[in-house]
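Listing of start-v8.cif, mmCIF, C-alpha atoms
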data_query
loop_
_atom_site.label_atom_id
_atom_site.label_comp_id
_atom_site.auth_asym_id
_atom_site.auth_seq_id
_atom_site.Cartn_x
_atom_site.Cartn_y
_atom_site.Cartn_z
CA MET A 261 -7.65 1.81 25.95
CA LYS A 262 -4.35 1.17 24.22
CA ILE A 263 -4.98 0.77 20.50
CA LEU A 264 -2.50 -0.32 17.84
CA LEU A 265 -3.34 0.45 14.21
CA VAL A 266 -1.43 -1.54 11.58
CA HIS A 267 -1.14 -0.56 7.91
CA GLN A 268 1.89 -0.52 5.60
CA ASN A 269 0.55 2.67 3.96
CA TYR A 270 -0.70 4.30 7.16
CA PRO A 271 -2.91 6.28 7.63
CA GLY A 272 -4.82 4.60 4.77
CA GLN A 273 -8.32 3.78 5.94
CA PHE A 274 -7.50 5.04 9.46
CA LEU A 275 -7.11 8.68 8.39
CA HIS A 276 -10.11 9.95 10.36
CA LEU A 277 -10.40 7.17 12.94
CA ALA A 278 -6.90 7.43 14.44
CA PRO A 279 -7.04 11.09 15.58
CA ALA A 280 -10.65 10.71 16.68
CA LEU A 281 -9.75 7.82 18.99
CA ALA A 282 -6.80 9.80 20.36
CA GLU A 283 -9.06 12.79 21.05
CA ARG A 284 -11.29 10.50 23.13
CA GLY A 285 -8.38 9.80 25.45
CA HIS A 286 -7.18 6.49 24.08
CA GLN A 287 -3.46 5.83 23.64
CA VAL A 288 -3.24 5.32 19.87
CA LEU A 289 -0.09 4.03 18.19
CA ALA A 290 0.35 3.25 14.48
CA LEU A 291 2.69 0.61 13.06
CA THR A 292 3.82 0.94 9.45
CA ASP A 293 6.63 0.12 7.02
CA GLU A 294 9.86 2.09 7.52
CA LYS A 295 9.61 3.39 3.95
CA ASN A 296 6.28 5.04 4.66
CA GLN A 297 6.91 8.64 5.69
CA ARG A 298 3.35 9.95 5.38
CA PRO A 299 2.46 12.51 8.07
CA SER A 300 0.42 11.32 11.02
CA LYS A 301 -1.60 12.92 13.80
CA VAL A 302 -0.76 10.07 16.20
CA ASN A 303 2.56 8.53 17.18
CA VAL A 304 4.02 6.16 14.59
CA VAL A 305 6.53 3.33 14.90
CA ARG A 306 8.01 1.58 11.89
CA TYR A 307 9.09 -1.98 11.25
CA LYS A 308 11.98 -2.94 8.99
CA SER A 309 10.93 -3.47 5.39
CA PRO A 310 11.00 -7.13 4.39
CA ASP A 311 13.44 -8.37 1.76
CA LEU A 312 10.96 -9.50 -0.87
CA ALA A 313 13.65 -10.41 -3.40
CA ALA A 314 14.18 -13.67 -1.55
CA THR A 315 10.56 -14.83 -1.72
CA GLN A 316 9.38 -17.65 -3.96
CA LYS A 317 8.39 -17.11 -7.57
CA ASN A 318 5.75 -19.83 -7.82
CA LEU A 319 2.16 -20.19 -6.60
CA GLY A 320 3.35 -19.49 -3.06
CA LYS A 321 4.87 -16.14 -4.00
CA THR A 322 2.13 -13.97 -2.49
CA TYR A 323 1.98 -15.97 0.71
CA ALA A 324 5.76 -15.94 0.99
CA GLU A 325 5.88 -12.17 0.53
CA TYR A 326 3.13 -11.43 2.99
CA THR A 327 4.26 -13.84 5.69
CA GLU A 328 7.68 -12.18 5.47
CA ARG A 329 6.04 -8.79 5.94
CA GLY A 330 3.95 -10.24 8.75
CA TRP A 331 7.09 -11.47 10.49
CA MET A 332 8.78 -8.09 10.18
CA ALA A 333 5.69 -6.43 11.64
CA ALA A 334 5.64 -8.98 14.46
CA ARG A 335 9.31 -8.31 15.21
CA GLY A 336 8.55 -4.62 15.45
CA CYS A 337 5.70 -5.38 17.85
CA ARG A 338 7.94 -7.65 19.91
CA ALA A 339 10.28 -4.70 20.37
CA LEU A 340 7.34 -2.56 21.49
CA ARG A 341 6.42 -5.23 24.03
CA ASP A 342 9.88 -6.11 25.35
CA ARG A 343 11.70 -2.78 25.17
CA HIS A 344 8.88 -0.33 25.78
CA GLY A 345 6.32 -2.35 27.73
CA PHE A 346 3.54 -1.57 25.27
CA THR A 347 0.60 -3.98 25.37
CA PRO A 348 -2.48 -2.96 23.38
CA ASP A 349 -6.03 -3.76 24.33
CA VAL A 350 -7.07 -3.69 20.69
CA ILE A 351 -5.13 -4.25 17.46
CA PHE A 352 -6.80 -3.06 14.26
CA GLY A 353 -4.89 -3.78 11.07
CA HIS A 354 -5.41 -4.07 7.34
CA SER A 355 -5.25 -7.74 6.39
CA GLY A 356 -4.24 -7.13 2.78
CA TRP A 357 -0.46 -7.40 3.18
CA GLY A 358 -0.09 -9.98 5.96
CA GLU A 359 0.87 -7.55 8.72
CA THR A 360 -1.61 -8.97 11.24
CA LEU A 361 -0.73 -12.65 10.67
CA PHE A 362 1.52 -13.15 13.71
CA LEU A 363 0.46 -10.37 16.07
CA ARG A 364 -1.65 -12.69 18.20
CA GLU A 365 1.56 -14.55 19.05
CA ILE A 366 3.03 -11.32 20.41
CA TRP A 367 -0.07 -10.20 22.30
CA PRO A 368 -2.36 -13.24 22.77
CA ASP A 369 -4.79 -11.37 25.01
CA ALA A 370 -5.38 -8.37 22.73
CA LYS A 371 -8.52 -8.23 20.63
CA LEU A 372 -7.50 -8.55 16.97
CA LEU A 373 -9.59 -6.67 14.40
CA VAL A 374 -8.90 -6.68 10.67
CA TYR A 375 -9.90 -4.35 7.87
CA ALA A 376 -11.43 -6.91 5.50
CA GLU A 377 -11.24 -4.99 2.24
CA LEU A 378 -11.88 -7.80 -0.24
CA MET A 379 -11.65 -11.56 -0.65
CA TYR A 380 -10.42 -12.74 -4.04
CA GLN A 381 -12.80 -15.05 -5.88
CA THR A 382 -12.35 -17.23 -8.94
CA ARG A 383 -15.83 -16.60 -10.34
CA GLY A 384 -18.28 -13.73 -10.34
CA GLN A 385 -15.73 -11.06 -9.57
CA ASP A 386 -12.73 -9.61 -11.44
CA VAL A 387 -11.28 -12.92 -12.65
CA GLY A 388 -12.53 -13.47 -16.18
CA PHE A 389 -14.81 -10.42 -16.07
CA ASP A 390 -12.98 -8.74 -18.95
CA PRO A 391 -11.89 -11.56 -21.30
CA GLU A 392 -10.02 -9.14 -23.56
CA ILE A 393 -7.59 -8.27 -20.77
CA ASN A 394 -7.61 -11.25 -18.43
CA PRO A 395 -9.45 -14.29 -19.77
CA ALA A 396 -10.41 -16.88 -17.18
CA SER A 397 -8.39 -20.09 -17.22
CA ASP A 398 -7.41 -22.85 -14.86
CA GLU A 399 -4.13 -21.03 -14.28
CA THR A 400 -5.69 -17.69 -13.33
CA ARG A 401 -8.20 -19.37 -11.03
CA VAL A 402 -5.53 -21.45 -9.30
CA THR A 403 -3.36 -18.36 -8.87
CA THR A 404 -6.33 -16.52 -7.35
CA VAL A 405 -6.93 -19.30 -4.85
CA ALA A 406 -3.24 -19.24 -3.88
CA ARG A 407 -3.32 -15.45 -3.41
CA SER A 408 -6.21 -15.76 -0.96
CA ALA A 409 -4.44 -17.82 1.69
CA HIS A 410 -3.23 -14.96 3.87
CA LEU A 411 -6.61 -13.22 3.74
CA ILE A 412 -8.41 -16.32 4.95
CA GLN A 413 -5.82 -16.93 7.66
CA SER A 414 -6.13 -13.33 8.85
CA MET A 415 -9.90 -13.57 9.09
CA VAL A 416 -9.81 -16.93 10.90
CA GLN A 417 -7.46 -15.46 13.51
CA ALA A 418 -9.40 -12.23 13.95
CA ASP A 419 -12.01 -11.53 16.59
CA ALA A 420 -13.88 -9.41 14.06
CA GLY A 421 -13.55 -7.76 10.67
CA LEU A 422 -14.72 -4.54 9.07
CA SER A 423 -15.57 -3.86 5.41
CA PRO A 424 -16.41 -0.50 3.87
CA THR A 425 -19.27 -1.72 1.67
CA ALA A 426 -21.77 -4.56 1.68
CA TYR A 427 -20.45 -5.69 -1.70
CA GLN A 428 -16.92 -6.05 -0.34
CA ALA A 429 -18.10 -7.85 2.78
CA GLY A 430 -20.06 -10.20 0.54
CA THR A 431 -16.92 -11.37 -1.24
CA PHE A 432 -15.91 -13.31 1.88
CA PRO A 433 -17.15 -16.90 2.27
CA PRO A 434 -20.22 -17.46 4.47
CA GLU A 435 -18.10 -19.11 7.15
CA LEU A 436 -16.25 -15.81 7.70
CA ARG A 437 -18.86 -13.25 6.70
CA GLY A 438 -20.54 -13.44 10.09
CA LYS A 439 -17.48 -11.80 11.65
CA ILE A 440 -17.70 -8.74 9.43
CA THR A 441 -19.39 -5.42 10.17
CA VAL A 442 -19.99 -2.98 7.30
CA ILE A 443 -19.01 0.62 8.00
CA HIS A 444 -17.65 2.93 5.32
CA ASP A 445 -14.48 4.93 6.05
CA GLY A 446 -16.55 8.08 5.59
CA ILE A 447 -16.35 11.22 3.45
CA ASP A 448 -15.62 14.72 4.74
CA THR A 449 -18.64 16.35 3.15
CA ASP A 450 -17.72 19.75 4.57
CA THR A 451 -14.55 19.73 2.47
CA VAL A 452 -15.82 17.66 -0.46
CA ARG A 453 -18.82 19.65 -1.60
CA PRO A 454 -20.06 21.54 -4.66
CA ASN A 455 -18.06 24.69 -5.33
CA PRO A 456 -19.32 27.02 -8.09
CA ASP A 457 -16.08 29.01 -7.76
CA ALA A 458 -13.79 26.02 -8.35
CA ARG A 459 -11.12 26.37 -11.01
CA LEU A 460 -8.29 24.21 -12.32
CA THR A 461 -5.27 25.40 -14.27
CA LEU A 462 -4.10 22.91 -16.89
CA PRO A 463 -0.41 22.40 -17.77
CA ASN A 464 -0.94 24.44 -20.97
CA GLY A 465 -2.14 27.40 -18.90
CA ARG A 466 -5.82 27.09 -19.72
CA VAL A 467 -8.10 27.64 -16.72
CA LEU A 468 -11.18 25.45 -16.38
CA ARG A 469 -14.11 26.62 -14.26
CA ALA A 470 -17.38 25.22 -12.99
CA GLY A 471 -19.84 25.35 -15.86
CA ASP A 472 -17.26 24.64 -18.56
CA GLU A 473 -17.78 21.57 -20.72
CA VAL A 474 -15.39 19.25 -18.92
CA LEU A 475 -15.35 15.46 -18.87
CA SER A 476 -13.31 14.00 -16.00
CA PHE A 477 -11.87 10.55 -15.34
CA VAL A 478 -10.00 9.70 -12.13
CA SER A 479 -8.16 6.56 -11.09
CA ARG A 480 -5.08 5.93 -8.97
CA SER A 481 -3.65 4.28 -12.07
CA LEU A 482 -4.97 4.41 -15.63
CA GLU A 483 -5.69 0.72 -16.12
CA PRO A 484 -8.37 -1.76 -17.21
CA TYR A 485 -9.59 -2.57 -13.68
CA ARG A 486 -10.98 0.96 -13.61
CA GLY A 487 -12.22 0.83 -17.19
CA PHE A 488 -9.58 3.15 -18.66
CA HIS A 489 -9.55 1.27 -21.97
CA ARG A 490 -13.34 1.43 -22.24
CA PHE A 491 -13.33 5.16 -21.50
CA MET A 492 -10.64 5.89 -24.07
CA ARG A 493 -12.47 3.98 -26.80
CA ALA A 494 -15.58 6.07 -26.19
CA LEU A 495 -13.71 9.37 -26.59
CA PRO A 496 -13.46 9.63 -30.41
CA GLU A 497 -17.23 9.67 -30.84
CA VAL A 498 -17.86 11.80 -27.74
CA MET A 499 -15.32 14.41 -28.85
CA ARG A 500 -16.73 14.49 -32.38
CA ALA A 501 -20.20 15.06 -30.98
CA ARG A 502 -18.98 17.68 -28.47
CA PRO A 503 -16.28 19.74 -30.25
CA ASP A 504 -15.83 22.12 -27.30
CA ALA A 505 -15.44 19.46 -24.60
CA GLN A 506 -12.22 19.25 -22.64
CA VAL A 507 -11.26 15.80 -21.29
CA VAL A 508 -9.17 15.69 -18.11
CA LEU A 509 -7.72 12.46 -16.74
CA VAL A 510 -6.03 12.01 -13.36
CA GLY A 511 -4.02 8.86 -12.63
CA GLY A 512 -0.57 7.33 -12.78
CA ASP A 513 0.88 5.37 -15.68
CA GLY A 514 1.56 2.21 -13.67
CA VAL A 515 -0.92 -0.37 -12.39
CA SER A 516 -2.52 -0.67 -8.99
CA TYR A 517 -4.37 -3.87 -9.92
CA GLY A 518 -3.76 -6.32 -12.71
CA ALA A 519 -0.74 -6.13 -15.00
CA LEU A 520 0.87 -3.84 -17.54
CA PRO A 521 0.19 -4.59 -21.22
CA LYS A 522 2.65 -6.89 -22.94
CA ASP A 523 2.99 -4.76 -26.05
CA ALA A 524 3.33 -1.25 -24.57
CA PRO A 525 5.05 0.43 -21.61
CA ASN A 526 1.69 1.25 -19.99
CA TRP A 527 -2.04 1.34 -20.73
CA LYS A 528 -2.02 5.01 -21.65
CA ALA A 529 0.58 4.41 -24.34
CA LYS A 530 -1.29 1.35 -25.57
CA MET A 531 -4.61 3.16 -25.90
CA LEU A 532 -3.10 6.23 -27.54
CA ALA A 533 -1.45 3.96 -30.11
CA GLU A 534 -4.70 2.08 -30.71
CA LEU A 535 -6.61 5.35 -31.20
CA ASP A 536 -3.89 7.13 -33.15
CA GLY A 537 -5.44 9.71 -35.48
CA GLN A 538 -8.91 9.42 -33.90
CA LEU A 539 -8.45 11.87 -31.00
CA ASP A 540 -8.02 15.62 -30.75
CA LEU A 541 -5.07 15.47 -28.37
CA ASP A 542 -5.20 19.24 -27.79
CA ARG A 543 -8.40 18.65 -25.86
CA ILE A 544 -7.25 15.64 -23.82
CA HIS A 545 -5.21 16.42 -20.71
CA PHE A 546 -3.37 13.68 -18.81
CA LEU A 547 -2.41 15.20 -15.46
CA GLY A 548 -0.85 12.14 -13.87
CA ARG A 549 -1.18 12.03 -10.08
CA VAL A 550 -2.03 15.43 -8.70
CA PRO A 551 -2.29 17.17 -5.30
CA TYR A 552 -5.57 16.55 -3.53
CA ASP A 553 -6.77 20.13 -4.00
CA ASP A 554 -6.38 19.85 -7.78
CA TYR A 555 -8.23 16.55 -7.83
CA LEU A 556 -11.03 18.06 -5.74
CA SER A 557 -11.28 21.06 -8.07
CA LEU A 558 -11.56 18.74 -11.06
CA ILE A 559 -14.52 16.76 -9.74
CA GLN A 560 -16.17 20.04 -8.69
CA ILE A 561 -15.92 21.65 -12.12
CA ALA A 562 -16.63 18.61 -14.31
CA ARG A 563 -19.88 18.69 -16.22
CA VAL A 564 -19.65 14.91 -16.41
CA HIS A 565 -17.53 12.59 -14.27
CA CYS A 566 -16.99 9.05 -15.57
CA TYR A 567 -16.34 6.17 -13.17
CA LEU A 568 -15.88 2.63 -14.45
CA THR A 569 -14.77 -0.44 -12.53
CA TYR A 570 -14.62 -4.21 -12.60
CA PRO A 571 -16.52 -5.98 -9.78
CA PHE A 572 -13.83 -5.10 -7.26
CA VAL A 573 -12.93 -2.69 -4.47
CA LEU A 574 -14.94 0.52 -4.69
CA SER A 575 -12.86 3.66 -5.21
CA TRP A 576 -12.96 6.63 -2.84
CA SER A 577 -13.16 8.79 -5.97
CA LEU A 578 -16.74 7.63 -6.57
CA THR A 579 -17.99 8.56 -3.11
CA GLU A 580 -16.05 11.83 -3.20
CA SER A 581 -17.35 12.79 -6.64
CA MET A 582 -20.86 12.12 -5.38
CA ALA A 583 -20.20 14.31 -2.33
CA ALA A 584 -18.94 17.04 -4.67
CA GLY A 585 -22.29 16.97 -6.45
CA ALA A 586 -20.93 15.53 -9.69
CA TYR A 587 -23.05 14.34 -12.58
CA ILE A 588 -21.79 10.76 -12.78
CA VAL A 589 -21.82 8.24 -15.60
CA ALA A 590 -20.71 4.94 -14.11
CA SER A 591 -20.46 1.26 -14.94
CA ASP A 592 -23.43 -0.90 -14.04
CA THR A 593 -21.34 -3.22 -11.89
CA ALA A 594 -22.16 -4.61 -8.44
CA PRO A 595 -19.98 -2.32 -6.26
CA VAL A 596 -21.34 0.78 -8.03
CA ARG A 597 -24.99 -0.27 -7.73
CA GLU A 598 -24.65 -0.12 -3.96
CA LEU A 599 -24.39 3.68 -4.22
CA ILE A 600 -25.89 4.72 -7.57
CA ARG A 601 -29.31 4.00 -8.98
CA ASP A 602 -29.74 4.76 -12.65
CA GLY A 603 -31.83 7.86 -13.18
CA GLU A 604 -32.00 8.68 -9.46
CA ASN A 605 -28.51 9.90 -8.56
CA GLY A 606 -26.45 9.08 -11.65
CA ARG A 607 -26.42 7.27 -14.97
CA LEU A 608 -25.37 3.62 -15.25
CA VAL A 609 -24.18 1.87 -18.41
CA ASP A 610 -23.02 -1.66 -19.07
CA PHE A 611 -19.24 -1.84 -18.68
CA PHE A 612 -18.84 -3.35 -22.17
CA ASP A 613 -21.41 -1.23 -24.02
CA ARG A 614 -19.28 1.32 -25.88
CA LYS A 615 -22.23 2.82 -27.72
CA GLY A 616 -24.13 3.16 -24.47
CA LEU A 617 -21.17 4.88 -22.81
CA GLU A 618 -20.72 7.23 -25.77
CA THR A 619 -24.40 8.14 -25.65
CA ALA A 620 -24.47 8.68 -21.88
CA LEU A 621 -21.34 10.85 -21.85
CA THR A 622 -22.52 12.92 -24.82
CA PHE A 623 -25.98 13.37 -23.30
CA GLY A 624 -24.47 14.58 -20.04
CA LEU A 625 -22.09 17.00 -21.73
CA SER A 626 -24.85 18.39 -23.93
CA GLY A 627 -26.98 19.27 -20.90
CA ASP A 628 -29.14 16.50 -19.43
CA PRO A 629 -32.29 18.28 -18.19
CA GLN A 630 -32.22 16.04 -15.11
CA ALA A 631 -28.58 16.89 -14.34
CA GLN A 632 -29.15 19.08 -11.27
CA LYS A 633 -31.59 16.60 -9.77
CA LEU A 634 -29.04 13.80 -10.19
CA ARG A 635 -26.22 15.95 -8.76
CA ASP A 636 -28.26 16.90 -5.70
CA ALA A 637 -29.36 13.32 -5.12
CA ALA A 638 -25.79 12.04 -5.39
CA ARG A 639 -24.57 14.45 -2.73
CA ASP A 640 -27.59 13.81 -0.54
CA LYS A 641 -26.84 10.07 -0.58
CA ILE A 642 -23.32 10.65 0.75
CA VAL A 643 -24.33 13.28 3.32
CA ARG A 644 -27.12 11.08 4.71
CA GLU A 645 -25.27 7.76 4.77
CA TYR A 646 -21.51 8.25 4.39
CA ASP A 647 -20.59 11.55 6.10
CA PHE A 648 -17.62 10.77 8.31
CA LYS A 649 -18.48 13.19 11.14
CA THR A 650 -22.12 12.29 11.61
CA LYS A 651 -22.36 8.73 10.25
CA SER A 652 -19.16 6.75 9.70
CA LEU A 653 -16.87 8.04 12.44
CA PRO A 654 -19.31 7.59 15.37
CA ARG A 655 -20.00 4.03 14.22
CA LEU A 656 -16.30 3.25 13.74
CA ILE A 657 -15.45 4.57 17.21
CA GLU A 658 -18.28 2.61 18.80
CA TRP A 659 -17.20 -0.54 16.98
CA VAL A 660 -13.54 -0.31 18.04
CA GLU A 661 -14.37 0.66 21.63
CA SER A 662 -16.78 -2.28 21.93
CA PHE A 663 -13.77 -4.60 21.96
CA GLY A 664 -12.01 -2.81 24.82
CA PRO A 665 -11.88 -3.91 28.46
CA LYS A 666 -15.27 -3.98 30.06
CA ALA A 667 -15.73 -1.85 33.18
#
Let me see the file written as C-alpha cells.
Amino acid sequence: MKILLVHQNYPGQFLHLAPALAERGHQVLALTDEKNQRPSKVNVVRYKSPDLAATQKNLGKTYAEYTERGWMAARGCRALRDRHGFTPDVIFGHSGWGETLFLREIWPDAKLLVYAELMYQTRGQDVGFDPEINPASDETRVTTVARSAHLIQSMVQADAGLSPTAYQAGTFPPELRGKITVIHDGIDTDTVRPNPDARLTLPNGRVLRAGDEVLSFVSRSLEPYRGFHRFMRALPEVMRARPDAQVVLVGGDGVSYGALPKDAPNWKAKMLAELDGQLDLDRIHFLGRVPYDDYLSLIQIARVHCYLTYPFVLSWSLTESMAAGAYIVASDTAPVRELIRDGENGRLVDFFDRKGLETALTFGLSGDPQAQKLRDAARDKIVREYDFKTKSLPRLIEWVESFGPKA
C-alpha cells in the first residue's frame, strides 16, 4: 500500500505507527508544515506554511485559519500527484488543524482516515467547567460552536476516524461516533518502566533519587486546563506538613489550551504572586520543558505524581507515569476515570476540592501503606491494555491496512 500520514507536528500520534507500517513493506510518506523539522524514520515532504495573519478575527477566525492550512496542505499534495506521480491508497491525518479538509479533492479514490482527537462541546466538557477561569456564557458557547466547524467537516468527509480513548470518542455527536474506532497510541513499556536507579540533577546541583520525598507535576504548559492553579494552591499546606518534600514541576510558561491570565505574563507568575510568602521556594523547582530522559527520570523517582485535568484530551504523561509505576494522585474527571480507579491503581480527588488534594498528596508523601500495590496496579493496567508493541500497534496496523486495496 501507499500510505500518506498528515500532521503539522509530525510524527505526533504517528510516532510508532509510521515506521511499523514501513517495516511491513508499505510505502509510507509523511506530510507536514515546512517549519516542522522534527526527525522522522520515514520520508517527509513539507507544505508551505499558511499566512495566518490574513485570516479573519471574528467567529470565523478558526475556520479561516484551518481552511487556509488545509489549502496549503492540498497544494503540497497536488504537487506530489502532478510532479511525482504519487497516489496513496490510504490517507491518515490529524483533523485538528484542517489539513485533511481538501485532500479528497486531490485523491478522490483514496481512503481518508482522520485522527479524531476531540470534538468541542458547549456543555459537559471544558467550557464552563472551571468558572473561576472560564465562566460559561453565550459568547463562549457560540465561539465553541464556531470552532467546531472544521472538525465536523473533516469527520463527515472521512471514511473512518480513530480516537485514543473512549472518552474522547464520546465527545463526537452520535451521528459521527459510529465512524470512530478507539485505539490508544500506545506506550513503550520497555522504556517507560520503574527504575530504582533513576536520578535527576536539579539546576541547583541537588541530585534526586528514587526513594526521595519528591512530588512531581508535569504538563506541556503550566496552565489551568491541567489544574496547575489547583496544584499550586495545595502546596503551602502540603509543604508545611512535609518539610523535607521537594516539589518538581515540568512544563512551559505559555498555554497549550485556554488563554494566558489578563493580570500576569503567565500562570506561573500569577500563582507565585497569589501565594507570595506562603511557599518555601527553595524546595520548589520549575524546570520548564526538559529533554525526554529527564522527564522520564522525574516520574520514575517521584514518591507522588500529581495529574489534574479538565474534562478534555487525556495527556500522555498520565499513561506514561502509570507505566513508570508512579503513585498517582489525579483529578476525578471523566478522562482520568477511564484509566484510574480510586484505591485500585491510584488516588482520585475532586478537581475543586483543595483540602482533599492537600490530604491525598500529604498522605502519599508520608508513606501510604497501599503505595506499592497502587504502583504495581497502575503499571499492570498499561502493560495489559496500552503497551504499544503487544496491544496498540498491532491493532493500529490492522485498522489502517483494513482500508487498503482488497486482493
Taken to one decimal, the CA of Val498 (chain A)-CA of Asp540 (chain A) distance is 11.0 Å
Evaluating the PyMOL selection byres ((chain A and resi 412) around 10) on the displayed file yields which residues, as an mmCIF file with C-alpha atoms, in the coordinates of the input?
data_model
loop_
_atom_site.group_PDB
_atom_site.id
_atom_site.type_symbol
_atom_site.label_atom_id
_atom_site.label_comp_id
_atom_site.auth_asym_id
_atom_site.auth_seq_id
_atom_site.Cartn_x
_atom_site.Cartn_y
_atom_site.Cartn_z
ATOM 1 C CA SER A 355 -5.250 -7.740 6.390
ATOM 2 C CA ALA A 376 -11.430 -6.910 5.500
ATOM 3 C CA MET A 379 -11.650 -11.560 -0.650
ATOM 4 C CA TYR A 380 -10.420 -12.740 -4.040
ATOM 5 C CA ARG A 407 -3.320 -15.450 -3.410
ATOM 6 C CA SER A 408 -6.210 -15.760 -0.960
ATOM 7 C CA ALA A 409 -4.440 -17.820 1.690
ATOM 8 C CA HIS A 410 -3.230 -14.960 3.870
ATOM 9 C CA LEU A 411 -6.610 -13.220 3.740
ATOM 10 C CA GLN A 413 -5.820 -16.930 7.660
ATOM 11 C CA SER A 414 -6.130 -13.330 8.850
ATOM 12 C CA MET A 415 -9.900 -13.570 9.090
ATOM 13 C CA VAL A 416 -9.810 -16.930 10.900
ATOM 14 C CA GLN A 417 -7.460 -15.460 13.510
ATOM 15 C CA ALA A 418 -9.400 -12.230 13.950
ATOM 16 C CA PHE A 432 -15.910 -13.310 1.880
ATOM 17 C CA PRO A 433 -17.150 -16.900 2.270
ATOM 18 C CA LEU A 436 -16.250 -15.810 7.700
#
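Near Ala590 (chain A), within 10 Å and counting only C-alpha atoms, sit Gly487, His565, Cys566, Tyr567, Leu568, Thr569, Leu578, Tyr587, Ile588, Asp592, Thr593, Val596, Arg597, Ile600, Asp602, Gly606, Arg607, Leu608, Val609, Asp610, Phe611, Leu617, Ala620 and Leu621 of chain A; same-chain residues fewer than 2 positions away were not included.
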Set out as JSON lines a contact list for region 302-387 of chain A and region 276-291 of chain A with a cut-off of 7 Å, giving each residue of region 302-387 of chain A that qualifies its closest atom pair and distance in Å to one decimal, counting all atoms listed in the file, ordered by chain and rising residue number.
{"residue": "A:Val302", "atom": "CA", "partner": "A:Pro279", "partner_atom": "CA", "distance": 6.4}
{"residue": "A:Asn303", "atom": "CA", "partner": "A:Leu289", "partner_atom": "CA", "distance": 5.3}
{"residue": "A:Val304", "atom": "CA", "partner": "A:Ala290", "partner_atom": "CA", "distance": 4.7}
{"residue": "A:Val305", "atom": "CA", "partner": "A:Leu291", "partner_atom": "CA", "distance": 5.1}
{"residue": "A:Arg306", "atom": "CA", "partner": "A:Leu291", "partner_atom": "CA", "distance": 5.5}
Export C-alpha atoms of the chosen residues as a tab-separated table (two decimals), keeping the file's coordinate frame?
chain	number	residue	atom	x	y	z
A	302	VAL	CA	-0.76	10.07	16.20
A	303	ASN	CA	2.56	8.53	17.18
A	304	VAL	CA	4.02	6.16	14.59
A	305	VAL	CA	6.53	3.33	14.90
A	306	ARG	CA	8.01	1.58	11.89
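With all atoms listed in the file as the basis for measurement, A:Tyr375 is the residue among A:Arg338, A:Phe362, A:Tyr326, A:Tyr375 that approaches His267 (chain A) most closely.
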Quick one: pull the distance between CA of Ala370 (chain A) and CA of Asp342 (chain A), Å, one decimal.
15.6 Å
With N, CA and C atoms as the target, complete region 378-393 of chain A and hand it back as a compact mmCIF listing (two decimals), in the frame of the given file.
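Output contents, as saved in part20.txt:
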# COMPACT_ATOMS: atom_id res chain seq x y z
N LEU A 378 -11.37 -6.99 0.87
CA LEU A 378 -11.88 -7.80 -0.24
C LEU A 378 -11.32 -9.21 -0.13
N MET A 379 -12.13 -10.19 -0.50
CA MET A 379 -11.65 -11.56 -0.65
C MET A 379 -11.63 -11.90 -2.14
N TYR A 380 -10.50 -12.36 -2.63
CA TYR A 380 -10.42 -12.74 -4.04
C TYR A 380 -11.33 -13.93 -4.30
N GLN A 381 -11.95 -13.94 -5.47
CA GLN A 381 -12.80 -15.05 -5.88
C GLN A 381 -12.44 -15.46 -7.30
N THR A 382 -12.70 -16.72 -7.61
CA THR A 382 -12.35 -17.23 -8.94
C THR A 382 -13.48 -17.04 -9.95
N ARG A 383 -14.68 -16.79 -9.45
CA ARG A 383 -15.83 -16.60 -10.34
C ARG A 383 -16.71 -15.49 -9.80
N GLY A 384 -17.32 -14.75 -10.73
CA GLY A 384 -18.28 -13.73 -10.34
C GLY A 384 -17.68 -12.42 -9.86
N GLN A 385 -16.38 -12.28 -10.01
CA GLN A 385 -15.73 -11.06 -9.57
C GLN A 385 -14.82 -10.58 -10.71
N ASP A 386 -13.59 -10.16 -10.40
CA ASP A 386 -12.73 -9.61 -11.44
C ASP A 386 -12.14 -10.67 -12.36
N VAL A 387 -11.90 -11.86 -11.84
CA VAL A 387 -11.28 -12.92 -12.65
C VAL A 387 -12.22 -13.31 -13.80
N GLY A 388 -11.75 -13.12 -15.01
CA GLY A 388 -12.53 -13.47 -16.18
C GLY A 388 -13.62 -12.48 -16.54
N PHE A 389 -13.76 -11.40 -15.78
CA PHE A 389 -14.81 -10.42 -16.07
C PHE A 389 -14.58 -9.75 -17.42
N ASP A 390 -13.33 -9.45 -17.72
CA ASP A 390 -12.98 -8.74 -18.95
C ASP A 390 -12.09 -9.66 -19.79
N PRO A 391 -12.68 -10.55 -20.58
CA PRO A 391 -11.89 -11.56 -21.30
C PRO A 391 -10.82 -10.96 -22.20
N GLU A 392 -11.03 -9.77 -22.71
CA GLU A 392 -10.02 -9.14 -23.56
C GLU A 392 -8.70 -8.96 -22.82
N ILE A 393 -8.78 -8.60 -21.56
CA ILE A 393 -7.59 -8.27 -20.77
C ILE A 393 -7.09 -9.46 -19.97
